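Colleague: Here's a structure for you.
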Amino acid sequence: MQKTKINHLAVWICAALQFGISGIWYSPLLFQDRWLQLMNKTAEYFQPTSPIPFVLAITGAILACYAIAWLFKVLQVNSAVNGLRLAVIIYVVFLFFPHLVYTGFSMIGYKLAVLTTGDVLIAYAATGLVLGGWRKTESPGKEE
């Protein structure tokens with residue numbers, strides 16, 4: 001029986017995809033204006049911006065994608081559909097509801113909570129599809 005191993009190329013592609021999805025999500029094409037309105041801020045408030053949030057975003061995407069890939073390996077996720085299902089479960093249980101709790105206690109507003117996690121849902125769904133469907137296997141007797 002062949003064992004699944006982490007597909008590093010797929011992980012890096014998913015990390016770039018997650019970063020790109022968030023960039024488009026918060027752009028003027030989609031939700032920049034609504035996000036600014038819910039934050040009660042203007043675009044000028046965020047200018048000039050530090051590179052640190054961008055470094056943290058891409059680092060977080062890489063770490064999340066590797067964690068999901070490792071989990072898929074351990075749980076032997078064997079298809080894009082199963083990857084999608086598990087990634088959405090991870091999002092709902094470990095991201096969405098904890099964020100809603102934080103939002104509720106910090107009085108930020110649930111509309112903002114949903115808006116600021118919507119891109120993560122799409123990113124995790126895409127990651128689940130890619131990592132679940134684009135698997136690598138190792139020959140019997142070889143360990144990663």
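Note on naming: chains are A, B, ... as they come in the structure tokens, residues start from 1 per chain, ligands start from 1 in the order shown.
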Please list as number ranges by chain every residue within 12 Å of Thr103 in chain A, counting only C-alpha atoms and excluding residues in the same chain fewer than 3 positions away.

Modeller: A: 95-100, 106-117

Colleague: In chain A, what's alpha helix (DSSP H) per DSSP? Answer as a ChimeraX atom specification?

Modeller: /A:8-25,32-39,52-75,80-91,97-106,110-133

Colleague: Find the residue from A:Leu30, A:Ala61, A:Met39, A:Val74 that sits nearest to Val120 in chain A; use only C-alpha atoms when measuring.

Modeller: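 Closest candidate: A:Ala61.
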
Colleague: For Ile13 in chain A, work out the shell of residues within 9 Å, counting only C-alpha atoms and skipping chain neighbours fewer than 5 positions away, then give it as a ChimeraX atom specification.

Modeller: /A:8,18,127,130

Colleague: Using Å and a single decimal, report how far CA of Pro51 in chain A sits from CA of Leu131 in chain A.

Modeller: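 Distance between the two atoms: 28.5 Å.
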
Colleague: Grab the CA of Phe31 in chain A to CA of Ala10 in chain A distance for me, in Å with one decimal place.

Modeller: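 Interatomic distance here is 27.7 Å.
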
Colleague: Can you pull out the residues contacting Ala125 in chain A? Cut-off 8 Å, using only C-alpha atoms, and skip same-chain residues under 4 positions away; I want them as a compact mmCIF listing (two decimals) with N, CA and C atoms, in the first residue's frame.

Modeller:
```txt
# COMPACT_ATOMS: atom_id res chain seq x y z
N LEU A 84 -12.22 19.14 0.72
CA LEU A 84 -13.12 20.28 0.88
C LEU A 84 -13.91 20.16 2.17
N ARG A 85 -14.49 18.99 2.41
CA ARG A 85 -15.30 18.78 3.62
C ARG A 85 -14.48 19.03 4.88
N ALA A 87 -11.63 20.69 5.24
CA ALA A 87 -11.17 22.07 5.33
C ALA A 87 -12.29 23.00 5.83
N VAL A 88 -13.50 22.77 5.38
CA VAL A 88 -14.64 23.58 5.84
C VAL A 88 -14.93 23.30 7.31
N LEU A 121 -12.93 31.34 4.56
CA LEU A 121 -13.74 30.19 4.14
C LEU A 121 -13.42 29.81 2.70
N LEU A 129 -9.73 21.53 -1.53
CA LEU A 129 -9.90 20.92 -2.85
C LEU A 129 -8.55 20.57 -3.48
```

Colleague: Between A:Phe46, A:Trp12, A:Gly83, A:Pro28, which has the minimum distance to Ile62 in chain A (counting only C-alpha atoms)?

Modeller: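 Nearest candidate to Ile62 in chain A out of A:Phe46, A:Trp12, A:Gly83, A:Pro28: A:Trp12.
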
Colleague: Which of these residues is nearest to Leu17 in chain A, using only C-alpha atoms: A:Tyr66, A:Phe54, A:Tyr124, A:Phe72?

Modeller: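 Closest to Leu17 in chain A, using only C-alpha atoms: A:Tyr124.
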
Colleague: Could you name the residues that touch Lys136 in chain A at 10 Å or less, counting only C-alpha atoms, but leaving out those on the same chain fewer than 6 positions away, as a PyMOL selection string?

Modeller: chain A and resi 2-8+10+73

Colleague: From the set A:Ile122, A:Leu38, A:Ile58, A:Asn82, which residue has the shortest atom-to-atom contact distance to Trp134 in chain A, counting only C-alpha atoms?

Modeller: A:Asn82

Colleague: CA of Gln32 in chain A and CA of Tyr45 in chain A are how many Å apart?

Modeller: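 Taking CA of Gln32 in chain A as the start and CA of Tyr45 in chain A as the end point, the length is 13.0 Å.
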